[in-house]
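Visitor: Sharing data-v8.txt here; it has compact mmCIF, C-alpha atoms.
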# COMPACT_ATOMS: atom_id res chain seq x y z
CA MET A 26 3.41 -26.14 6.82
CA THR A 27 2.19 -22.57 7.15
CA ASN A 28 4.23 -20.16 9.24
CA SER A 29 2.13 -18.59 12.00
CA HIS A 30 3.41 -15.17 10.98
CA ASP A 31 2.83 -15.63 7.26
CA ILE A 32 1.53 -12.42 5.73
CA THR A 33 -1.22 -14.29 3.88
CA SER A 34 -2.91 -14.96 7.22
CA ASP A 35 -2.78 -11.25 7.95
CA ASP A 36 -4.96 -10.24 5.02
CA ASP A 37 -6.38 -13.58 3.94
CA HIS A 38 -9.31 -13.62 1.52
CA SER A 39 -9.58 -17.11 0.07
CA ASN A 40 -11.83 -15.95 -2.75
CA TYR A 41 -9.38 -13.50 -4.34
CA SER A 42 -5.80 -13.56 -5.50
CA ALA A 43 -4.66 -10.09 -4.47
CA LYS A 44 -1.91 -11.37 -2.20
CA ASN A 45 1.71 -10.33 -2.29
CA PRO A 46 4.00 -13.17 -3.43
CA ILE A 47 5.51 -14.00 -0.03
CA LYS A 48 7.55 -17.16 0.36
CA GLU A 49 6.95 -19.68 3.12
CA GLY A 50 9.14 -18.98 6.12
CA ALA A 51 9.46 -15.29 5.31
CA PHE A 52 9.33 -14.41 9.02
CA ASP A 53 11.60 -17.10 10.36
CA ILE A 54 14.34 -14.49 10.84
CA THR A 55 14.05 -11.25 12.76
CA PRO A 56 14.07 -7.77 11.20
CA GLU A 57 17.53 -7.26 12.67
CA GLU A 58 18.80 -10.39 10.94
CA LYS A 59 17.24 -9.25 7.68
CA ILE A 60 19.02 -5.89 7.97
CA ALA A 61 22.36 -7.61 8.46
CA LYS A 62 21.86 -9.87 5.42
CA ILE A 63 20.68 -7.02 3.19
CA GLU A 64 23.57 -4.83 4.32
CA ALA A 65 26.08 -7.48 3.22
CA ASN A 66 24.35 -7.99 -0.12
CA MET A 67 24.06 -4.26 -0.77
CA ALA A 68 27.76 -3.81 -0.07
CA GLU A 69 28.49 -6.51 -2.64
CA ILE A 70 26.24 -4.84 -5.25
CA LEU A 71 27.96 -1.48 -4.79
CA ASP A 72 31.37 -3.15 -4.94
CA VAL A 73 30.45 -4.92 -8.20
CA LEU A 74 29.34 -1.56 -9.62
CA GLY A 75 32.82 -0.25 -8.85
CA MET A 76 32.04 2.01 -5.92
CA ASP A 77 34.70 2.64 -3.27
CA LEU A 78 33.04 1.66 0.01
CA THR A 79 35.90 3.09 2.04
CA ASP A 80 34.81 6.59 0.99
CA ASP A 81 33.17 8.53 3.83
CA SER A 82 30.09 9.21 1.73
CA LEU A 83 29.53 5.54 0.85
CA LYS A 84 30.72 3.44 3.76
CA GLY A 85 27.43 3.74 5.64
CA THR A 86 25.23 3.30 2.57
CA PRO A 87 24.72 -0.51 2.73
CA LYS A 88 23.38 -0.34 6.29
CA ARG A 89 21.28 2.76 5.58
CA VAL A 90 19.65 1.04 2.61
CA ALA A 91 19.09 -2.18 4.57
CA LYS A 92 17.38 -0.34 7.44
CA MET A 93 15.29 1.66 4.97
CA PHE A 94 14.12 -1.49 3.20
CA VAL A 95 13.13 -3.37 6.36
CA ASN A 96 11.83 -0.57 8.58
CA GLU A 97 10.45 1.95 6.09
CA LEU A 98 9.88 1.16 2.41
CA PHE A 99 8.83 -2.44 3.02
CA GLY A 100 7.56 -2.15 6.58
CA GLY A 101 4.13 -3.27 5.34
CA LEU A 102 5.54 -6.78 4.91
CA LEU A 103 5.63 -7.15 8.70
CA PRO A 104 2.20 -8.21 10.05
CA ALA A 105 3.05 -6.57 13.39
CA ASN A 106 2.86 -3.19 11.62
CA LYS A 107 -0.73 -3.66 10.52
CA PRO A 108 -2.82 -0.75 11.87
CA LYS A 109 -5.61 -1.51 14.29
CA ALA A 110 -8.75 0.01 12.78
CA SER A 111 -11.32 0.43 15.55
CA THR A 112 -14.90 1.05 14.46
CA PHE A 113 -17.70 2.99 16.12
CA ASP A 114 -21.47 2.83 15.96
CA ASN A 115 -22.99 5.12 13.34
CA ALA A 116 -25.05 6.79 16.06
CA TYR A 117 -25.90 9.79 13.88
CA ARG A 118 -27.39 7.50 11.21
CA TYR A 119 -25.40 9.08 8.39
CA GLY A 120 -26.66 7.18 5.32
CA GLU A 121 -24.71 8.70 2.45
CA MET A 122 -21.26 7.71 1.25
CA LEU A 123 -18.23 8.99 3.11
CA VAL A 124 -15.28 9.88 0.90
CA GLU A 125 -11.67 10.34 2.01
CA LYS A 126 -9.79 11.78 -0.96
CA ASN A 127 -6.21 12.68 -1.82
CA ILE A 128 -4.61 10.15 0.54
CA THR A 129 -0.89 10.08 -0.20
CA VAL A 130 0.34 6.86 -1.80
CA TYR A 131 4.06 6.17 -1.61
CA SER A 132 4.84 2.63 -2.71
CA THR A 133 7.51 0.69 -4.60
CA CYS A 134 7.09 -1.08 -7.92
CA GLU A 135 7.98 -4.74 -7.46
CA HIS A 136 9.34 -5.01 -11.01
CA HIS A 137 12.15 -2.44 -10.76
CA LEU A 138 12.03 -1.39 -7.06
CA LEU A 139 11.38 2.21 -8.07
CA PRO A 140 8.82 4.52 -6.41
CA ILE A 141 5.11 4.70 -7.12
CA ILE A 142 3.80 8.11 -6.02
CA GLY A 143 0.19 9.24 -6.16
CA LYS A 144 -3.15 9.70 -4.45
CA ALA A 145 -5.83 7.29 -3.26
CA HIS A 146 -9.51 8.12 -2.92
CA ILE A 147 -11.63 5.84 -0.70
CA ALA A 148 -15.38 5.78 -0.12
CA TYR A 149 -17.75 3.63 1.88
CA ILE A 150 -21.41 3.51 2.83
CA SER A 151 -21.93 2.65 6.48
CA ASN A 152 -23.54 -0.65 7.41
CA GLY A 153 -24.00 0.54 10.98
CA THR A 154 -20.38 1.27 11.82
CA VAL A 155 -17.85 3.95 10.91
CA VAL A 156 -14.06 4.05 11.11
CA GLY A 157 -11.78 6.90 12.17
CA LEU A 158 -10.70 8.98 9.19
CA SER A 159 -6.99 8.63 9.87
CA LYS A 160 -7.34 4.84 9.89
CA MET A 161 -8.08 4.92 6.16
CA ASN A 162 -4.79 6.73 5.59
CA ARG A 163 -3.00 4.15 7.74
CA ILE A 164 -4.52 1.23 5.83
CA VAL A 165 -3.33 2.77 2.54
CA ASP A 166 0.13 3.35 3.99
CA TYR A 167 0.40 -0.20 5.37
CA PHE A 168 -0.38 -1.96 2.10
CA ALA A 169 1.67 0.56 0.10
CA ARG A 170 4.82 -0.23 2.11
CA ARG A 171 5.52 -3.40 0.15
CA PRO A 172 6.91 -4.22 -3.26
CA GLN A 173 3.64 -3.69 -5.13
CA VAL A 174 1.70 -3.47 -8.34
CA GLN A 175 -0.96 -0.78 -8.32
CA GLU A 176 -3.83 -3.10 -9.23
CA ARG A 177 -3.12 -5.34 -6.24
CA LEU A 178 -2.71 -2.38 -3.89
CA THR A 179 -6.12 -1.00 -4.91
CA MET A 180 -7.79 -4.35 -4.27
CA GLN A 181 -6.07 -4.86 -0.91
CA ILE A 182 -7.25 -1.48 0.36
CA VAL A 183 -10.87 -2.22 -0.58
CA HIS A 184 -10.84 -5.73 0.87
CA GLU A 185 -9.33 -4.53 4.14
CA MET A 186 -11.91 -1.75 4.46
CA GLN A 187 -14.70 -4.23 3.72
CA LYS A 188 -13.42 -6.50 6.47
CA VAL A 189 -13.03 -3.66 8.98
CA LEU A 190 -16.47 -2.18 8.29
CA ASN A 191 -18.32 -5.45 7.65
CA THR A 192 -19.78 -4.16 4.40
CA GLU A 193 -19.21 -4.72 0.70
CA ASP A 194 -19.98 -1.06 -0.02
CA VAL A 195 -16.42 0.22 -0.40
CA ALA A 196 -14.61 1.81 -3.36
CA CYS A 197 -11.08 2.97 -4.09
CA VAL A 198 -9.46 4.84 -6.96
CA ILE A 199 -5.69 5.37 -7.15
CA ASP A 200 -3.97 7.78 -9.55
CA ALA A 201 -0.19 7.42 -9.43
CA LYS A 202 3.05 7.98 -11.29
CA HIS A 203 5.47 5.08 -11.67
CA LEU A 204 9.12 6.05 -11.75
CA CYS A 205 9.89 2.88 -13.69
CA VAL A 206 8.03 4.65 -16.51
CA ASN A 207 9.04 8.22 -15.65
CA SER A 208 12.78 7.75 -15.04
CA ARG A 209 13.78 4.76 -17.18
CA GLY A 210 12.68 3.01 -20.37
CA ILE A 211 10.30 5.35 -22.20
CA ARG A 212 11.00 8.13 -19.64
CA ASP A 213 7.52 9.59 -19.94
CA ILE A 214 7.17 12.05 -17.07
CA GLU A 215 3.61 13.14 -17.92
CA SER A 216 1.65 9.88 -17.80
CA SER A 217 0.02 8.42 -14.71
CA THR A 218 -1.80 5.17 -13.98
CA VAL A 219 -5.37 5.01 -12.67
CA THR A 220 -6.81 1.88 -11.04
CA SER A 221 -10.13 1.27 -9.31
CA GLU A 222 -11.97 -1.33 -7.29
CA TYR A 223 -15.69 -1.14 -6.55
CA GLY A 224 -17.64 -3.30 -4.13
CA GLY A 225 -21.31 -3.70 -3.31
CA ARG A 226 -23.47 -0.70 -4.16
CA PHE A 227 -20.52 1.08 -5.78
CA LYS A 228 -20.94 -1.26 -8.74
CA GLU A 229 -24.23 0.53 -9.48
CA ALA A 230 -23.72 3.15 -12.18
CA SER A 231 -25.37 5.99 -10.25
CA VAL A 232 -23.45 5.36 -7.01
CA LYS A 233 -20.17 5.00 -8.88
CA ALA A 234 -20.83 8.24 -10.76
CA ASN A 235 -21.60 10.03 -7.50
CA PHE A 236 -18.31 8.84 -5.99
CA LEU A 237 -16.32 9.91 -9.04
CA SER A 238 -17.96 13.35 -8.92
CA TYR A 239 -16.94 13.71 -5.26
CA ILE A 240 -13.26 13.04 -5.93
CA GLN A 241 -13.26 15.65 -8.71
CA LEU A 242 -14.42 18.40 -6.34
CA ASP A 243 -11.97 21.26 -5.85
CA THR A 244 -11.02 21.01 -2.19
CA ASP A 245 -7.97 23.27 -2.12
CA PHE A 246 -8.20 25.38 1.05
Just dump the structure as structure tokens.
Guide:
Amino acid sequence: MTNSHDITSDDDHSNYSAKNPIKEGAFDITPEEKIAKIEANMAEILDVLGMDLTDDSLKGTPKRVAKMFVNELFGGLLPANKPKASTFDNAYRYGEMLVEKNITVYSTCEHHLLPIIGKAHIAYISNGTVVGLSKMNRIVDYFARRPQVQERLTMQIVHEMQKVLNTEDVACVIDAKHLCVNSRGIRDIESSTVTSEYGGRFKEASVKANFLSYIQLDTDF
């Protein structure tokens, strides 16, 4: 039985697998109940590590972390937080690609629960409608606020934009640093990861090249 609030119904595309691994019944308990459960588990983790939770600096940490997980870092797991992306008629008949570049990406790697920090660049070619510029930022932010892998995040952004704009002509490139690489393991602080997803006309070499040239423009003001 599928839960009516299951996140897969929120961004369902039956022909692709870029869905977050959400268990059935994930929304059977309220955010407040989740905070209480996480708080208890976080207190146990800190206790096992040997931390003194009676210390003034630590005693509020389990609840702070729990609230941060549910309301902030992983707020994109709650379908109610999905941004409403209203569209408008392309009355001015703008026929070239529109590019929104350097959108801040702040996500969390689902393998080590460490930050992913970078920039997203989105482009689309209007099929008769346009979307408010800030809505693209909000779509990125919504899908980023989940335990993620960068490849999936890139795909989710493109698929959501395609659905909102009713066009396949959408592209996204993300360039990000993963703290699971930068701060642990190999501890390489210089490397970054680049992912891309191209739909419709952006699969054409000339259109793709034009998009990539746009995002390389120096736009420091």
Visitor: Counting only C-alpha atoms, which residue out of A:Lys44, A:Arg170, A:Asn207, A:Ile150 sits closest to Met93 of chain A?
Guide: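 Using only C-alpha atoms, the shortest distance to Met93 of chain A belongs to A:Arg170.
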Visitor: Enclose all atoms of segment 176-183 of chain A listed in the file in an axis-aligned box, grow every side by 8 Å, and hand back centre and edge lengths in Å to one decimal, as AutoDock Vina command-line options.
Guide:
--center_x -6.8 --center_y -3.2 --center_z -4.4 --size_x 24.2 --size_y 20.3 --size_z 25.6
Visitor: Find the distance between atom CA of Glu121 of chain A and atom CA of Ser151 of chain A and write it in Å to one decimal.
Guide: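 Distance between the two atoms: 7.8 Å.
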Visitor: Tell me, in Å to one decimal, how far atom CA of Lys188 of chain A is from atom CA of Ala234 of chain A.
Guide: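 These two atoms are separated by 23.9 Å.
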Visitor: Find the spatial neighbours of segment 123-133 of chain A, counting only C-alpha atoms, within a cut-off of 9 Å - ignore same-chain residues fewer than 2 positions away - and output them as a PyMOL selection string.
Guide: chain A and resi 98-99+119-121+135-151+158+161-162+165-166+168-175+199-201+203+236+239-240
Visitor: Those same residues, written as a short mmCIF file (atom, residue, chain, number, x, y, z; two decimals), keeping the file's coordinate frame with C-alpha atoms?
Guide:
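Saved as part_20.cif:
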data_model
loop_
_atom_site.label_atom_id
_atom_site.label_comp_id
_atom_site.auth_asym_id
_atom_site.auth_seq_id
_atom_site.Cartn_x
_atom_site.Cartn_y
_atom_site.Cartn_z
CA LEU A 98 9.88 1.16 2.41
CA PHE A 99 8.83 -2.44 3.02
CA TYR A 119 -25.40 9.08 8.39
CA GLY A 120 -26.66 7.18 5.32
CA GLU A 121 -24.71 8.70 2.45
CA GLU A 135 7.98 -4.74 -7.46
CA HIS A 136 9.34 -5.01 -11.01
CA HIS A 137 12.15 -2.44 -10.76
CA LEU A 138 12.03 -1.39 -7.06
CA LEU A 139 11.38 2.21 -8.07
CA PRO A 140 8.82 4.52 -6.41
CA ILE A 141 5.11 4.70 -7.12
CA ILE A 142 3.80 8.11 -6.02
CA GLY A 143 0.19 9.24 -6.16
CA LYS A 144 -3.15 9.70 -4.45
CA ALA A 145 -5.83 7.29 -3.26
CA HIS A 146 -9.51 8.12 -2.92
CA ILE A 147 -11.63 5.84 -0.70
CA ALA A 148 -15.38 5.78 -0.12
CA TYR A 149 -17.75 3.63 1.88
CA ILE A 150 -21.41 3.51 2.83
CA SER A 151 -21.93 2.65 6.48
CA LEU A 158 -10.70 8.98 9.19
CA MET A 161 -8.08 4.92 6.16
CA ASN A 162 -4.79 6.73 5.59
CA VAL A 165 -3.33 2.77 2.54
CA ASP A 166 0.13 3.35 3.99
CA PHE A 168 -0.38 -1.96 2.10
CA ALA A 169 1.67 0.56 0.10
CA ARG A 170 4.82 -0.23 2.11
CA ARG A 171 5.52 -3.40 0.15
CA PRO A 172 6.91 -4.22 -3.26
CA GLN A 173 3.64 -3.69 -5.13
CA VAL A 174 1.70 -3.47 -8.34
CA GLN A 175 -0.96 -0.78 -8.32
CA ILE A 199 -5.69 5.37 -7.15
CA ASP A 200 -3.97 7.78 -9.55
CA ALA A 201 -0.19 7.42 -9.43
CA HIS A 203 5.47 5.08 -11.67
CA PHE A 236 -18.31 8.84 -5.99
CA TYR A 239 -16.94 13.71 -5.26
CA ILE A 240 -13.26 13.04 -5.93
#
Visitor: Give the answer as one residue: which of A:Ile164, A:Val73, A:Leu83, A:Ala91 has the shortest atom-to-atom distance to Lys107 of chain A, using all atoms listed in the file?
Guide: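 Closest to Lys107 of chain A, using all atoms listed in the file: A:Ile164.
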Visitor: Would you kindly return, as a list in words, each protein, DNA or RNA residue with an atom no farther than 12 Å from any atom of Lys84 of chain A, considering all atoms listed in the file and excluding same-chain residues fewer than 3 positions away?
Guide: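 Result of the neighbour search: Glu64, Ala65, Met67, Ala68, Leu71, Asp72, Met76, Asp77, Leu78, Thr79, Asp80, Asp81, Pro87, Lys88, Arg89 and Val90 of chain A.
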Visitor: How would segment 157-186 of chain A read, as a PDB file, keeping the file's coordinate frame, once N, CA and C atoms are built in?
Guide:
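The resulting selection34.pdb:
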ATOM      1  N   GLY A 157     -12.466   5.610  12.076  1.00  0.00           N
ATOM      2  CA  GLY A 157     -11.780   6.900  12.170  1.00  0.00           C
ATOM      3  C   GLY A 157     -11.131   7.272  10.852  1.00  0.00           C
ATOM      4  N   LEU A 158     -11.199   8.547  10.498  1.00  0.00           N
ATOM      5  CA  LEU A 158     -10.700   8.980   9.190  1.00  0.00           C
ATOM      6  C   LEU A 158      -9.224   8.644   9.000  1.00  0.00           C
ATOM      7  N   SER A 159      -8.415   8.867  10.023  1.00  0.00           N
ATOM      8  CA  SER A 159      -6.990   8.630   9.870  1.00  0.00           C
ATOM      9  C   SER A 159      -6.670   7.156   9.647  1.00  0.00           C
ATOM     10  N   LYS A 160      -7.583   6.264  10.071  1.00  0.00           N
ATOM     11  CA  LYS A 160      -7.340   4.840   9.890  1.00  0.00           C
ATOM     12  C   LYS A 160      -7.340   4.467   8.412  1.00  0.00           C
ATOM     13  N   MET A 161      -8.091   5.196   7.599  1.00  0.00           N
ATOM     14  CA  MET A 161      -8.080   4.920   6.160  1.00  0.00           C
ATOM     15  C   MET A 161      -6.706   5.254   5.575  1.00  0.00           C
ATOM     16  N   ASN A 162      -6.146   6.377   6.018  1.00  0.00           N
ATOM     17  CA  ASN A 162      -4.790   6.730   5.590  1.00  0.00           C
ATOM     18  C   ASN A 162      -3.788   5.659   6.007  1.00  0.00           C
ATOM     19  N   ARG A 163      -3.946   5.143   7.232  1.00  0.00           N
ATOM     20  CA  ARG A 163      -3.000   4.150   7.740  1.00  0.00           C
ATOM     21  C   ARG A 163      -3.124   2.825   6.998  1.00  0.00           C
ATOM     22  N   ILE A 164      -4.330   2.461   6.609  1.00  0.00           N
ATOM     23  CA  ILE A 164      -4.520   1.230   5.830  1.00  0.00           C
ATOM     24  C   ILE A 164      -3.834   1.366   4.468  1.00  0.00           C
ATOM     25  N   VAL A 165      -4.010   2.522   3.816  1.00  0.00           N
ATOM     26  CA  VAL A 165      -3.330   2.770   2.540  1.00  0.00           C
ATOM     27  C   VAL A 165      -1.823   2.668   2.724  1.00  0.00           C
ATOM     28  N   ASP A 166      -1.311   3.322   3.758  1.00  0.00           N
ATOM     29  CA  ASP A 166       0.130   3.350   3.990  1.00  0.00           C
ATOM     30  C   ASP A 166       0.681   1.953   4.259  1.00  0.00           C
ATOM     31  N   TYR A 167      -0.055   1.152   5.029  1.00  0.00           N
ATOM     32  CA  TYR A 167       0.400  -0.200   5.370  1.00  0.00           C
ATOM     33  C   TYR A 167       0.570  -1.072   4.130  1.00  0.00           C
ATOM     34  N   PHE A 168      -0.454  -1.100   3.282  1.00  0.00           N
ATOM     35  CA  PHE A 168      -0.380  -1.960   2.100  1.00  0.00           C
ATOM     36  C   PHE A 168       0.541  -1.372   1.027  1.00  0.00           C
ATOM     37  N   ALA A 169       0.751  -0.059   1.062  1.00  0.00           N
ATOM     38  CA  ALA A 169       1.670   0.560   0.100  1.00  0.00           C
ATOM     39  C   ALA A 169       3.124   0.250   0.425  1.00  0.00           C
ATOM     40  N   ARG A 170       3.430  -0.008   1.696  1.00  0.00           N
ATOM     41  CA  ARG A 170       4.820  -0.230   2.110  1.00  0.00           C
ATOM     42  C   ARG A 170       5.236  -1.688   1.870  1.00  0.00           C
ATOM     43  N   ARG A 171       5.118  -2.081   0.616  1.00  0.00           N
ATOM     44  CA  ARG A 171       5.520  -3.400   0.150  1.00  0.00           C
ATOM     45  C   ARG A 171       5.954  -3.260  -1.297  1.00  0.00           C
ATOM     46  N   PRO A 172       6.763  -4.174  -1.807  1.00  0.00           N
ATOM     47  CA  PRO A 172       6.910  -4.220  -3.260  1.00  0.00           C
ATOM     48  C   PRO A 172       5.514  -4.499  -3.848  1.00  0.00           C
ATOM     49  N   GLN A 173       5.036  -3.630  -4.733  1.00  0.00           N
ATOM     50  CA  GLN A 173       3.640  -3.690  -5.130  1.00  0.00           C
ATOM     51  C   GLN A 173       3.458  -3.548  -6.638  1.00  0.00           C
ATOM     52  N   VAL A 174       2.262  -3.933  -7.069  1.00  0.00           N
ATOM     53  CA  VAL A 174       1.700  -3.470  -8.340  1.00  0.00           C
ATOM     54  C   VAL A 174       0.442  -2.702  -7.963  1.00  0.00           C
ATOM     55  N   GLN A 175       0.115  -1.682  -8.719  1.00  0.00           N
ATOM     56  CA  GLN A 175      -0.960  -0.780  -8.320  1.00  0.00           C
ATOM     57  C   GLN A 175      -2.313  -1.464  -8.287  1.00  0.00           C
ATOM     58  N   GLU A 176      -2.544  -2.393  -9.211  1.00  0.00           N
ATOM     59  CA  GLU A 176      -3.830  -3.100  -9.230  1.00  0.00           C
ATOM     60  C   GLU A 176      -4.050  -3.855  -7.927  1.00  0.00           C
ATOM     61  N   ARG A 177      -3.010  -4.570  -7.470  1.00  0.00           N
ATOM     62  CA  ARG A 177      -3.120  -5.340  -6.240  1.00  0.00           C
ATOM     63  C   ARG A 177      -3.330  -4.418  -5.040  1.00  0.00           C
ATOM     64  N   LEU A 178      -2.583  -3.330  -4.989  1.00  0.00           N
ATOM     65  CA  LEU A 178      -2.710  -2.380  -3.890  1.00  0.00           C
ATOM     66  C   LEU A 178      -4.143  -1.866  -3.777  1.00  0.00           C
ATOM     67  N   THR A 179      -4.737  -1.516  -4.907  1.00  0.00           N
ATOM     68  CA  THR A 179      -6.120  -1.000  -4.910  1.00  0.00           C
ATOM     69  C   THR A 179      -7.084  -2.027  -4.341  1.00  0.00           C
ATOM     70  N   MET A 180      -6.924  -3.278  -4.762  1.00  0.00           N
ATOM     71  CA  MET A 180      -7.790  -4.350  -4.270  1.00  0.00           C
ATOM     72  C   MET A 180      -7.593  -4.595  -2.782  1.00  0.00           C
ATOM     73  N   GLN A 181      -6.344  -4.594  -2.326  1.00  0.00           N
ATOM     74  CA  GLN A 181      -6.070  -4.860  -0.910  1.00  0.00           C
ATOM     75  C   GLN A 181      -6.704  -3.805  -0.019  1.00  0.00           C
ATOM     76  N   ILE A 182      -6.655  -2.561  -0.434  1.00  0.00           N
ATOM     77  CA  ILE A 182      -7.250  -1.480   0.360  1.00  0.00           C
ATOM     78  C   ILE A 182      -8.756  -1.699   0.488  1.00  0.00           C
ATOM     79  N   VAL A 183      -9.414  -2.005  -0.615  1.00  0.00           N
ATOM     80  CA  VAL A 183     -10.870  -2.220  -0.580  1.00  0.00           C
ATOM     81  C   VAL A 183     -11.219  -3.422   0.278  1.00  0.00           C
ATOM     82  N   HIS A 184     -10.516  -4.531   0.106  1.00  0.00           N
ATOM     83  CA  HIS A 184     -10.840  -5.730   0.870  1.00  0.00           C
ATOM     84  C   HIS A 184     -10.625  -5.532   2.363  1.00  0.00           C
ATOM     85  N   GLU A 185      -9.571  -4.800   2.719  1.00  0.00           N
ATOM     86  CA  GLU A 185      -9.330  -4.530   4.140  1.00  0.00           C
ATOM     87  C   GLU A 185     -10.427  -3.643   4.718  1.00  0.00           C
ATOM     88  N   MET A 186     -10.835  -2.623   3.996  1.00  0.00           N
ATOM     89  CA  MET A 186     -11.910  -1.750   4.460  1.00  0.00           C
ATOM     90  C   MET A 186     -13.228  -2.522   4.574  1.00  0.00           C
TER      91      MET A 186
END
